[in-house]
Amino acid sequence: MRVRIHVTPKSGVLDPQGKAIGNALTRLGFQGIGDVRAGKIIEVQLEAPDADAAKNQAKVMCERLLANKVIENYVIEVLNE
Amino acid sequence: MRVRIHVTPKSGVLDPQGKAIGNALTRLGFQGIGDVRAGKIIEVQLEAPDADAAKNQAKVMCERLLANKVIENYVIEVLNE
Amino acid sequence: MKHEDTMRPGTLEAAKQFGLNEAEWANILRLLNRTPNMTELGIFSVMWSEHCSYKSSRVHLRTLPTSAPWVIQGPGENAGVIDIGDGDAIVFKMESHNHPSFIEPFQGAATGVGGIMRDVFTMGARPIAMLNALRFGEPEHPKTRHLLAGVVSGIGSYGNCMGVPTVGGEVNFHKAYNGNILVNAMCVGLARADNIWLSAAKGAGNPVVYVGSKTGRDGIHGATMASAEFSEDAEEKRPTVQVGDPFTEKLLLEACLELMATDAIIGIQDMGAAGLTSASCEMAAKGGAGIELWMDKVPQREAGMTAYEMMLSESQERMLMVLKPGREAEAERIFRKWELDFAVIGITTDTKRIVLRHHGEDVCDLPVNVLADEAPVYERPWVEPPRPAPLSDVPAPPSILGVLKQLVASPDLASRRWIWEQYDYSVMADTIQKPGGDAAVVRVHGTGKAVALTTDVTPRYCQADPYLGGMQAIAEAYRNLSAVGAKPLAVTDNLNFGNPQKPEIMGQFALAVRGLGEACRALDFPIVSGNVSLYNETLLPNGQYQNILPTPAIGGVGLLRDWRHMATIAFKAEGEAVILIGETKGHLGQSLYLREILQREDGTPPLVDLGSEKRNGIFVRTLIEAGQVTTAHDCADGGLLVAIAEMAMAGGIGAELAAPVNGDPHAYWFGEDQARYVICVPQSTAHDILAQADAAAVPAARIGTTGGEMIILDETNISIRALKDPHEAWLPDLMRR
Amino acid sequence: MKAAVIVFPASNCDRDVATALTQITGRSPAMVWHANASVPGDADLIVLPGGFSYGDYLRAGAMAAHSPIMQDVIARAQKGTPILGICNGFQILCEAGLLPGALIKNASLSFVCRPVNLTVEAANTMFTNRYAVGQTISIPVAHGMGNYVADEATLDALEDEGLVALRYTLGDNPNGAARNIAGIMNRERTILGLMPHPERACDNALGSEDGKALFMSLLGALS
Ligand SMILES: Nc1ncnc2c1ncn2[C@@H]1O[C@H](COP(=O)(O)OP(=O)(O)O)[C@@H](O)[C@H]1O
Ligand SMILES: [Mg+2]
């Protein structure tokens with residue numbers, strides 16, 4: 001079973017990387033660039049009987065390791081069953 | 001218009017971060033962890049008349065800056081229209 | 001809080017939530033002769049917090065010696081400044097980021113580094129070195145590895161990006177820090193003595209300018225959190241963590257230095273803890289001016305921010321300046337070039353009031369002196385902590401070298417290489433002594449001079465006897481500088497203690513400060529800047545409080561007039577005479593031998609004889625300056641044999657040692673008597689050096705000869721490899737687990 | 001020999017390399033701000049220094065590769081002006097397409113600062129003619145993203161054409177780089193990118209003078 005986890009900075013938390021990317025796009029000549037946020041995406045192959053179990057397992061992974069809950073949010077997507 | 005861009009290491013390209021995450025998950029006691037890939041997610045607010053135009057613009061951004069085609073693939077998703 | 005709510009009158013309840021007590025609230029009402037609104041109350045809570053007002057510590061700090069002919073600026077500005085000759089000045093300070101680093105180790109430590117760098121470059125100095133003094137809980141504690149890894153990578157990521165070498169520091173592990181780690185960062189900068197910038201906002205009608213990053217809602221009430229003890233709900237306070245942006249800070253550094261090459265600035269102050277509030281109040285207070293701020297002009301990261309939020313935000317990488325009128329355009333050009341926000345957000349006035357205007361309304365109007373000078377000062381009651389019983393018998397170990405092997409791989413003595421290899425210690429190409437020695441040495445670029453830098457304190461000594469522990473911290477810093485051949489010049493401190501409202505903790509503080517002061521006076525080693533971090537305690541599940549060990553961390557700065565005459569700890573050649581300087585009594589109380597080998601933390605800490613410290617230090621330094629000695633190391637944690645082992649491991653050369661004629665060998669080899677150094681000299685000069693020592697009334701004795709690949713002690717021996725492998729492996733092994 | 005050092009936002013070894021160049025060539029380089037349109041016409045060497053241009057955000061060197069000055073740097077490269085990229089400069093050269101491959105996170109995921117032993121692989125170049133092939137030299141590295149990657153065909157081509165200038169000596173690879181690659185050149189051997197910092201190894205007081213020969217090679221070749 002494969003899950004995909006999106007980890008993004010919480011709104012209100014400074015995202016220096018997003019800010020720098022936004023400025024760079026503007027410098028490259030793209031017009032009307034607004035807010036840019038940069039995050040991580042982690043795909044994990046894991047063993048689980050079904051999608052729900054996979055999602056639960058991924059949730060534990062996020063809480064324990066993959067996301068820094070102080071400043072980040074995460075969203076889990078199960079890719080196939 | 002908001003687009004989300006997934007940038008992931010090409011298969012075959014070394015992914016030290018993915019590998020380290022996989023090892024850490026196994027050390028934390030998760031069983032049966034297989035391949036782990038780590039990538040980036042970039043959300044950009046841009047001005048475009050419709051989803052197709054937004055996608056095209058994002059594609060140019062990826063080709064020019066957001067992805068390094070030597071090592072990365074990208075996928076574009078338009079979030080709202 | 002919505003805008004309307006920030007305009008409502010404050011209440012006692014709100015004041016308490018902001019960390020003020022009933023008497024302080026009453027005092028505010030009396031001083032203002034009216035009820036402050038919530039915005040004003042927020043500003044009071046920040047300015048009157050422990051962090052900004054030093055209300056518990058001030059009466060004690062006043063007793064510290066802060067002057068010397070070479071001190072240009074003592075405590076009171078963003079950092080201390082000393083004269084190192086030829087028009088050069090060193091600007092330095094140490095600061096804590098303990099609580100944020102416990103909550104989010106990477107960002108907490110990173111923003112700590114960013115904050116202390118701003119303190120230094122605000123004064124016109126280019127940072128040239130960073131150090132960090134770290135304390136973690138027990139190595140086995142479930143949080144320790146995560147915290148250590150995060151803190152180290154946070155420090156590295158910020159300092160490395162800034163291009164400032166991180167050249168030294170110290171790390172201890174002790175269970176008293178399980179729930180409250182200490183992250184103290186020190187920044188050292190180089191400036192021209194005639195180009196130091198201060199923070200006073202002088203004159204009326206001068207533009208007040210904001211530069212750097214935009215203001216967001218981060219860290220609101222960070223300063224009050226820094227002054228509140230930790231409880232189990234510390235995690236609830238998480239959103240107050242700020243994220244650092246070293247890239248922006250690097251631009252800010254370059255832009256500020258570029259502007260400082262002109263004479264456009266009247267006063268400049270970084271926005272650190274308590275952000276815009278303390279920056280504006282302190283600038284106004286120092287300059288005897290008033291300030292009017294136009295909050296609509298403050299660069300904002302988020303929509304709909306209230307004046308309250310902007311004033312209390314702790315967004316990083318921001319500065320406030322007062323410019324000479326008419327110089328705005330020139331300044332703006334520089335900051336725009338560096339792609340930074342720049343805004344004129346107010347004006348100085350002659351009212352001596354802080355006035356905030358937002359959406360056409362005055363949302364705050366407070367007298368500056370009430371915020372700054374009328375802040376509470378407490379003479380908190382204190383008692384002398386109980387003295388430890390004198391040491392009972394200490395059994396001899398079966399094998400001296402076996403103990404040595406165990407000690408060099410113990411948590412407080414094992415190699416810190418895993419840490420410092422994550423720091424760029426060689427950028428700027430002037431680091432001529434990297435981490436791993438007694439003090440780091442960094443050249444003053446393009447000159448023959450160099451500065452030596454060290455951080456020191458032995459918390460277990462301070463716990464047993466805060467007065468002696470305070471003295472010892474200064475003495476050890478003095479020794480580490482002398483051991484590389486530097487003349488110790490001045491000190492910054494970071495006083496980390498528990499809850500000052502507990503008389504025993506306040507007693508630790510008072511006595512430690514007394515010890516620091518006494519040692520500084522005796523050694524001509526004034527304190528020119530510092531920081532106090534109190535309330536370092538954790539509420540345990542059983543309802544008890546765990547206070548940290550008293551930890552007055554000392555950052556010492558010394559000067560080498562000629563860096564070609566410098567000593568390092570490594571044995572350099574075979575067949576040299578190993579000479580011990582200083583007197584050895586075999587003091588085992590509070591030693592690492594007791595703690596690591598016998599699992600005992602008892603006895604009194606070693607005595608500190610400041611006369612010997614000075615005499616012996618000057619003697620060793622003079623030999624190094626004269627080019628007679630290039631190998632020296634002080635004896636500290638672990639005692640004489642550990643010092644010798646460190647010299648052998650660093651040089652890859654062994655030594656043959658003679659045991660003492662009388663006394664217990666284990667006390668001789670592992671006792672932690674102070675004021676001692678090990679030096680090495682060629683056979684041909686050994687006799688002369690001993691004679692010089694004799695003439696200077698400095699105890700000195702030849703104790704061995706370098707050579708081979710072993711440490712040989714009477715009939716026993718151990719190879720350097722057998723010591724070095726476990727010494728180097730301990731920390732990487734811990735982190736791999 | 002007249003060098004130009006390009007200064008990007010958050011370059012931080014620009015001064016160090018200028019010091020080394022001044023000391024060894026006797027001439028101080030021109031310091032050129034990245035927003036400028038062109039490199040001074042008389043520059044016969046362009047140096048992209050180490051540092052954290054744009055904070056290493058997104059990918060190290062990615063944003064700097066699009067700096068205004070880079071159009072001229074690329075044009076000058078095509079005309080054969082020698083270019084030296086150190087650390088972040090190497091990353092920028094790869095991102096700008098002037099050198100093949102890419103530099104990704106160190107295998108350890110940690111920043112690493114320490115002296116490394118390098119083996120000189122090519123000495124018949126303007127950058128390395130003062131070294132001997134097979135010589136071992138010690139130069140410090142200091143980077144978080146020095147792990148060189150490229151597809152097998154590219155790696156084979158680099159080897160076959162003798163474009164690997166420096167390799168980490170066996171057992172001393174600090175970052176996991178493919179085939180221990182520490183520095184590579186373009187086909188014309190006019191561009192060198194390397195992760196180690198030769199400018200920090202020009203002074204025995206810093207621990208090594210092994211970097212000096214690189215600047216002396218250039219001095220000899222260009223004057
Ligand atoms: N956190 C750290 N960062 C950088 N260097 C460190 C750190 N901790 C220790 N070191 C270095 O390791 C060496 C040994 O530290 P320590 O045992 O505290 O020295 P000493 O006993 O001489 O004060 C010193 O050179 C010190 O600068
Ligand atoms: Mg020492």
# chains A, B, ... in the order shown; residues from 1 in each chain; ligands from 1

call {"tool": "residues_near_ligand", "arguments": {"ligand": "ligand 2", "cutoff": "6 Å", "atoms": "only C-alpha atoms and all ligand atoms", "output": "list in words"}}
result
Asp438, Asn480 and Asp634 of chain C

call {"tool": "write_last_selection", "arguments": {"atoms": "all heavy atoms", "output": "JSON list (two decimals), in the first residue's frame"}}
result
[["chain", "number", "residue", "atom", "x", "y", "z"],
["C", 438, "ASP", "N", 41.40, 24.35, 23.85],
["C", 438, "ASP", "CA", 40.95, 25.05, 25.04],
["C", 438, "ASP", "C", 40.11, 26.27, 24.68],
["C", 438, "ASP", "O", 39.08, 26.53, 25.30],
["C", 438, "ASP", "CB", 42.15, 25.49, 25.89],
["C", 438, "ASP", "CG", 42.65, 24.35, 26.75],
["C", 438, "ASP", "OD1", 41.81, 23.53, 27.18],
["C", 438, "ASP", "OD2", 43.86, 24.24, 26.98],
["C", 480, "ASN", "N", 41.32, 28.89, 30.06],
["C", 480, "ASN", "CA", 41.24, 28.44, 28.67],
["C", 480, "ASN", "C", 41.84, 29.47, 27.72],
["C", 480, "ASN", "O", 42.47, 29.11, 26.72],
["C", 480, "ASN", "CB", 39.79, 28.12, 28.30],
["C", 480, "ASN", "CG", 39.38, 26.74, 28.77],
["C", 480, "ASN", "OD1", 40.18, 25.81, 28.76],
["C", 480, "ASN", "ND2", 38.14, 26.60, 29.21],
["C", 634, "ASP", "N", 44.78, 23.31, 29.87],
["C", 634, "ASP", "CA", 44.46, 23.45, 31.29],
["C", 634, "ASP", "C", 43.87, 22.14, 31.80],
["C", 634, "ASP", "O", 43.41, 21.30, 31.02],
["C", 634, "ASP", "CB", 43.49, 24.60, 31.52],
["C", 634, "ASP", "CG", 42.08, 24.24, 31.14],
["C", 634, "ASP", "OD1", 41.90, 23.68, 30.03],
["C", 634, "ASP", "OD2", 41.16, 24.46, 31.93]]

call {"tool": "residues_near_ligand", "arguments": {"ligand": "ligand 1", "cutoff": "6 Å", "atoms": "only C-alpha atoms and all ligand atoms", "output": "PyMOL selection string"}}
result
chain C and resi 132-134+167-171+416+420+435-439+456+480+636

call {"tool": "interface_residues", "arguments": {"of": "chain A", "to": "chain D", "cutoff": "10 Å", "atoms": "only C-alpha atoms", "output": "PyMOL selection string"}}
result
chain A and resi 16-21+23-25+27-28+38

call {"tool": "write_last_selection", "arguments": {"atoms": "all heavy atoms", "output": "JSON list (two decimals), in the first residue's frame"}}
result
[["chain", "number", "residue", "atom", "x", "y", "z"],
["A", 16, "PRO", "N", 10.00, 31.07, 4.79],
["A", 16, "PRO", "CA", 11.06, 31.80, 4.08],
["A", 16, "PRO", "C", 11.28, 31.26, 2.68],
["A", 16, "PRO", "O", 11.53, 32.01, 1.74],
["A", 16, "PRO", "CB", 12.31, 31.55, 4.93],
["A", 16, "PRO", "CG", 11.86, 30.98, 6.22],
["A", 16, "PRO", "CD", 10.49, 30.42, 6.02],
["A", 17, "GLN", "N", 11.15, 29.93, 2.54],
["A", 17, "GLN", "CA", 11.40, 29.33, 1.24],
["A", 17, "GLN", "C", 10.34, 29.76, 0.23],
["A", 17, "GLN", "O", 10.65, 30.15, -0.89],
["A", 17, "GLN", "CB", 11.43, 27.81, 1.39],
["A", 17, "GLN", "CG", 11.68, 27.10, 0.11],
["A", 17, "GLN", "CD", 12.25, 25.71, 0.30],
["A", 17, "GLN", "OE1", 13.32, 25.41, -0.19],
["A", 17, "GLN", "NE2", 11.52, 24.89, 1.05],
["A", 18, "GLY", "N", 9.07, 29.69, 0.68],
["A", 18, "GLY", "CA", 7.98, 30.11, -0.20],
["A", 18, "GLY", "C", 8.16, 31.56, -0.64],
["A", 18, "GLY", "O", 8.00, 31.92, -1.81],
["A", 19, "LYS", "N", 8.54, 32.39, 0.34],
["A", 19, "LYS", "CA", 8.73, 33.82, 0.06],
["A", 19, "LYS", "C", 9.82, 34.01, -0.99],
["A", 19, "LYS", "O", 9.66, 34.76, -1.95],
["A", 19, "LYS", "CB", 9.13, 34.49, 1.38],
["A", 19, "LYS", "CG", 9.22, 35.99, 1.36],
["A", 19, "LYS", "CD", 9.47, 36.52, 2.77],
["A", 19, "LYS", "CE", 10.87, 37.08, 2.90],
["A", 19, "LYS", "NZ", 11.24, 37.54, 4.24],
["A", 20, "ALA", "N", 10.94, 33.28, -0.82],
["A", 20, "ALA", "CA", 12.05, 33.44, -1.76],
["A", 20, "ALA", "C", 11.67, 32.94, -3.15],
["A", 20, "ALA", "O", 12.03, 33.54, -4.17],
["A", 20, "ALA", "CB", 13.28, 32.70, -1.24],
["A", 21, "ILE", "N", 10.90, 31.85, -3.20],
["A", 21, "ILE", "CA", 10.48, 31.33, -4.51],
["A", 21, "ILE", "C", 9.56, 32.34, -5.19],
["A", 21, "ILE", "O", 9.69, 32.61, -6.39],
["A", 21, "ILE", "CB", 9.78, 29.95, -4.34],
["A", 21, "ILE", "CG1", 10.78, 28.92, -3.83],
["A", 21, "ILE", "CG2", 9.16, 29.51, -5.66],
["A", 21, "ILE", "CD1", 10.15, 27.57, -3.45],
["A", 23, "ASN", "N", 9.46, 35.56, -4.82],
["A", 23, "ASN", "CA", 10.27, 36.68, -5.33],
["A", 23, "ASN", "C", 11.02, 36.29, -6.60],
["A", 23, "ASN", "O", 11.13, 37.06, -7.54],
["A", 23, "ASN", "CB", 11.27, 37.14, -4.28],
["A", 23, "ASN", "CG", 10.59, 37.82, -3.11],
["A", 23, "ASN", "OD1", 9.43, 38.23, -3.22],
["A", 23, "ASN", "ND2", 11.27, 37.91, -1.98],
["A", 24, "ALA", "N", 11.54, 35.06, -6.60],
["A", 24, "ALA", "CA", 12.32, 34.63, -7.77],
["A", 24, "ALA", "C", 11.43, 34.54, -9.00],
["A", 24, "ALA", "O", 11.83, 34.92, -10.10],
["A", 24, "ALA", "CB", 12.98, 33.27, -7.48],
["A", 25, "LEU", "N", 10.21, 34.04, -8.82],
["A", 25, "LEU", "CA", 9.30, 33.94, -9.97],
["A", 25, "LEU", "C", 8.99, 35.33, -10.52],
["A", 25, "LEU", "O", 8.97, 35.55, -11.73],
["A", 25, "LEU", "CB", 8.00, 33.22, -9.57],
["A", 25, "LEU", "CG", 8.15, 31.71, -9.30],
["A", 25, "LEU", "CD1", 6.86, 31.13, -8.73],
["A", 25, "LEU", "CD2", 8.55, 30.97, -10.58],
["A", 27, "ARG", "N", 10.89, 37.94, -10.27],
["A", 27, "ARG", "CA", 12.10, 38.43, -10.94],
["A", 27, "ARG", "C", 12.25, 37.82, -12.33],
["A", 27, "ARG", "O", 12.77, 38.42, -13.25],
["A", 27, "ARG", "CB", 13.34, 38.11, -10.11],
["A", 27, "ARG", "CG", 13.73, 39.20, -9.13],
["A", 27, "ARG", "CD", 15.16, 38.99, -8.65],
["A", 27, "ARG", "NE", 15.39, 37.62, -8.24],
["A", 27, "ARG", "CZ", 15.16, 37.15, -7.01],
["A", 27, "ARG", "NH1", 14.74, 37.96, -6.06],
["A", 27, "ARG", "NH2", 15.36, 35.89, -6.72],
["A", 28, "LEU", "N", 11.78, 36.57, -12.46],
["A", 28, "LEU", "CA", 11.88, 35.90, -13.76],
["A", 28, "LEU", "C", 10.88, 36.47, -14.75],
["A", 28, "LEU", "O", 10.87, 36.08, -15.91],
["A", 28, "LEU", "CB", 11.63, 34.40, -13.61],
["A", 28, "LEU", "CG", 12.81, 33.57, -13.13],
["A", 28, "LEU", "CD1", 12.40, 32.10, -12.98],
["A", 28, "LEU", "CD2", 13.97, 33.68, -14.12],
["A", 38, "ALA", "N", 5.83, 26.65, 0.36],
["A", 38, "ALA", "CA", 6.62, 25.48, -0.01],
["A", 38, "ALA", "C", 6.52, 24.44, 1.09],
["A", 38, "ALA", "O", 6.61, 24.76, 2.27],
["A", 38, "ALA", "CB", 8.08, 25.90, -0.20]]

call {"tool": "closest_residue", "arguments": {"among": "A:Lys69, A:Val78, A:Ser11, A:His6", "to": "Ala53 of chain A", "atoms": "only C-alpha atoms"}}
result
A:Val78

call {"tool": "closest_residue", "arguments": {"among": "C:Val243, C:Ile266, C:Ile400, C:Leu312", "to": "chain A", "atoms": "only C-alpha atoms"}}
result
C:Val243

call {"tool": "select_by_dssp", "arguments": {"residues": "chain B", "states": "helix (DSSP H, G or I)", "output": "PyMOL selection string"}}
result
chain B and resi 16-27+51-66

call {"tool": "residues_around", "arguments": {"residues": "Asp50 of chain B", "least_positions_apart": "3", "cutoff": "9 Å", "atoms": "only C-alpha atoms", "output": "PDB file with C-alpha atoms, in the first residue's frame"}}
result
ATOM      1  CA  MET B   1      -5.851  31.011  -9.402  1.00  0.00           C
ATOM      2  CA  GLU B  47      -3.116  35.262 -12.304  1.00  0.00           C
ATOM      3  CA  ALA B  53      -3.706  28.945 -18.808  1.00  0.00           C
ATOM      4  CA  ALA B  54      -2.740  28.478 -15.162  1.00  0.00           C
ATOM      5  CA  LYS B  55      -1.395  25.049 -15.917  1.00  0.00           C
ATOM      6  CA  GLU B  81     -10.916  27.936 -11.087  1.00  0.00           C
TER       7      GLU B  81
END

call {"tool": "residues_around", "arguments": {"residues": "Ala30 of chain D", "least_positions_apart": "5", "cutoff": "12 Å", "atoms": "only C-alpha atoms", "output": "PyMOL selection string"}}
result
chain D and resi 1-7+14-15+17-19+21-22+39-47

call {"tool": "closest_atom_pairs", "arguments": {"of": "chain C", "to": "chain B", "cutoff": "12 Å", "atoms": "only C-alpha atoms", "output": "Markdown table"}}
result
| residue | atom | partner | partner_atom | distance |
| --- | --- | --- | --- | --- |
| C:Met735 | CA | B:Ala24 | CA | 11.9 |
| C:Arg736 | CA | B:Arg27 | CA | 10.0 |
| C:Arg737 | CA | B:Arg27 | CA | 8.5 |

call {"tool": "write_last_selection", "arguments": {"atoms": "all heavy atoms", "output": "PDB file, in the first residue's frame"}}
result
ATOM      1  N   MET C 735      23.780   9.095  18.863  1.00  0.00           N
ATOM      2  CA  MET C 735      22.873   9.702  17.897  1.00  0.00           C
ATOM      3  C   MET C 735      22.382   8.697  16.859  1.00  0.00           C
ATOM      4  O   MET C 735      21.393   8.937  16.184  1.00  0.00           O
ATOM      5  CB  MET C 735      23.546  10.888  17.203  1.00  0.00           C
ATOM      6  CG  MET C 735      23.946  11.993  18.154  1.00  0.00           C
ATOM      7  SD  MET C 735      22.636  12.474  19.315  1.00  0.00           S
ATOM      8  CE  MET C 735      21.519  13.329  18.206  1.00  0.00           C
ATOM      9  N   ARG C 736      23.074   7.601  16.711  1.00  0.00           N
ATOM     10  CA  ARG C 736      22.668   6.587  15.738  1.00  0.00           C
ATOM     11  C   ARG C 736      21.578   5.687  16.318  1.00  0.00           C
ATOM     12  O   ARG C 736      20.853   5.049  15.586  1.00  0.00           O
ATOM     13  CB  ARG C 736      23.895   5.767  15.344  1.00  0.00           C
ATOM     14  CG  ARG C 736      23.869   5.272  13.912  1.00  0.00           C
ATOM     15  CD  ARG C 736      25.144   4.539  13.541  1.00  0.00           C
ATOM     16  NE  ARG C 736      26.298   5.419  13.445  1.00  0.00           N
ATOM     17  CZ  ARG C 736      27.445   5.200  14.096  1.00  0.00           C
ATOM     18  NH1 ARG C 736      27.588   4.157  14.896  1.00  0.00           N
ATOM     19  NH2 ARG C 736      28.452   6.032  13.951  1.00  0.00           N
ATOM     20  N   ARG C 737      21.493   5.657  17.619  1.00  0.00           N
ATOM     21  CA  ARG C 737      20.566   4.724  18.258  1.00  0.00           C
ATOM     22  C   ARG C 737      19.126   4.976  17.866  1.00  0.00           C
ATOM     23  O   ARG C 737      18.719   6.106  17.659  1.00  0.00           O
ATOM     24  CB  ARG C 737      20.689   4.831  19.782  1.00  0.00           C
ATOM     25  CG  ARG C 737      21.521   3.689  20.352  1.00  0.00           C
ATOM     26  CD  ARG C 737      21.389   3.629  21.856  1.00  0.00           C
ATOM     27  NE  ARG C 737      22.494   4.278  22.527  1.00  0.00           N
ATOM     28  CZ  ARG C 737      22.413   4.821  23.756  1.00  0.00           C
ATOM     29  NH1 ARG C 737      21.265   4.828  24.395  1.00  0.00           N
ATOM     30  NH2 ARG C 737      23.454   5.364  24.317  1.00  0.00           N
TER      31      ARG C 737
END

call {"tool": "closest_residue", "arguments": {"among": "C:Met1, C:Leu340, C:Leu356, C:Met428", "to": "chain D", "atoms": "only C-alpha atoms"}}
result
C:Met428

call {"tool": "residues_around", "arguments": {"residues": "Gln135 of chain D", "least_positions_apart": "6", "cutoff": "9 Å", "atoms": "only C-alpha atoms", "output": "NGL selection string"}}
result
:D and (118-121)

call {"tool": "decode", "arguments": {"residues": "segment 61-72 of chain D", "atoms": "N, CA, C and O atoms", "output": "PDB file, in the first residue's frame"}}
result
ATOM      1  N   GLY D  61      21.655  26.937  -5.363  1.00  0.00           N
ATOM      2  CA  GLY D  61      22.117  27.504  -6.633  1.00  0.00           C
ATOM      3  C   GLY D  61      21.030  27.769  -7.657  1.00  0.00           C
ATOM      4  O   GLY D  61      21.278  28.439  -8.663  1.00  0.00           O
ATOM      5  N   ALA D  62      19.816  27.267  -7.406  1.00  0.00           N
ATOM      6  CA  ALA D  62      18.773  27.349  -8.445  1.00  0.00           C
ATOM      7  C   ALA D  62      18.393  28.789  -8.755  1.00  0.00           C
ATOM      8  O   ALA D  62      18.276  29.176  -9.919  1.00  0.00           O
ATOM      9  N   MET D  63      18.189  29.566  -7.728  1.00  0.00           N
ATOM     10  CA  MET D  63      17.735  30.937  -7.978  1.00  0.00           C
ATOM     11  C   MET D  63      18.877  31.808  -8.483  1.00  0.00           C
ATOM     12  O   MET D  63      18.688  32.633  -9.359  1.00  0.00           O
ATOM     13  N   ALA D  64      20.056  31.589  -7.927  1.00  0.00           N
ATOM     14  CA  ALA D  64      21.205  32.393  -8.382  1.00  0.00           C
ATOM     15  C   ALA D  64      21.487  32.138  -9.857  1.00  0.00           C
ATOM     16  O   ALA D  64      21.937  33.034 -10.578  1.00  0.00           O
ATOM     17  N   ALA D  65      21.205  30.919 -10.328  1.00  0.00           N
ATOM     18  CA  ALA D  65      21.468  30.598 -11.735  1.00  0.00           C
ATOM     19  C   ALA D  65      20.648  31.484 -12.668  1.00  0.00           C
ATOM     20  O   ALA D  65      20.963  31.600 -13.848  1.00  0.00           O
ATOM     21  N   HIS D  66      19.597  32.094 -12.129  1.00  0.00           N
ATOM     22  CA  HIS D  66      18.769  32.988 -12.945  1.00  0.00           C
ATOM     23  C   HIS D  66      19.035  34.451 -12.656  1.00  0.00           C
ATOM     24  O   HIS D  66      18.288  35.312 -13.109  1.00  0.00           O
ATOM     25  N   SER D  67      20.068  34.747 -11.898  1.00  0.00           N
ATOM     26  CA  SER D  67      20.401  36.146 -11.628  1.00  0.00           C
ATOM     27  C   SER D  67      20.700  36.862 -12.929  1.00  0.00           C
ATOM     28  O   SER D  67      21.200  36.252 -13.884  1.00  0.00           O
ATOM     29  N   PRO D  68      20.431  38.180 -12.983  1.00  0.00           N
ATOM     30  CA  PRO D  68      20.706  38.938 -14.214  1.00  0.00           C
ATOM     31  C   PRO D  68      22.130  38.714 -14.737  1.00  0.00           C
ATOM     32  O   PRO D  68      22.324  38.531 -15.931  1.00  0.00           O
ATOM     33  N   ILE D  69      23.110  38.699 -13.864  1.00  0.00           N
ATOM     34  CA  ILE D  69      24.501  38.593 -14.312  1.00  0.00           C
ATOM     35  C   ILE D  69      24.763  37.279 -15.051  1.00  0.00           C
ATOM     36  O   ILE D  69      25.675  37.190 -15.881  1.00  0.00           O
ATOM     37  N   MET D  70      23.956  36.255 -14.767  1.00  0.00           N
ATOM     38  CA  MET D  70      24.275  34.937 -15.306  1.00  0.00           C
ATOM     39  C   MET D  70      24.157  34.879 -16.829  1.00  0.00           C
ATOM     40  O   MET D  70      24.830  34.082 -17.469  1.00  0.00           O
ATOM     41  N   GLN D  71      23.313  35.740 -17.403  1.00  0.00           N
ATOM     42  CA  GLN D  71      23.241  35.738 -18.879  1.00  0.00           C
ATOM     43  C   GLN D  71      24.607  36.085 -19.469  1.00  0.00           C
ATOM     44  O   GLN D  71      25.058  35.469 -20.422  1.00  0.00           O
ATOM     45  N   ASP D  72      25.236  37.069 -18.857  1.00  0.00           N
ATOM     46  CA  ASP D  72      26.556  37.453 -19.362  1.00  0.00           C
ATOM     47  C   ASP D  72      27.601  36.395 -19.016  1.00  0.00           C
ATOM     48  O   ASP D  72      28.499  36.122 -19.814  1.00  0.00           O
TER      49      ASP D  72
END
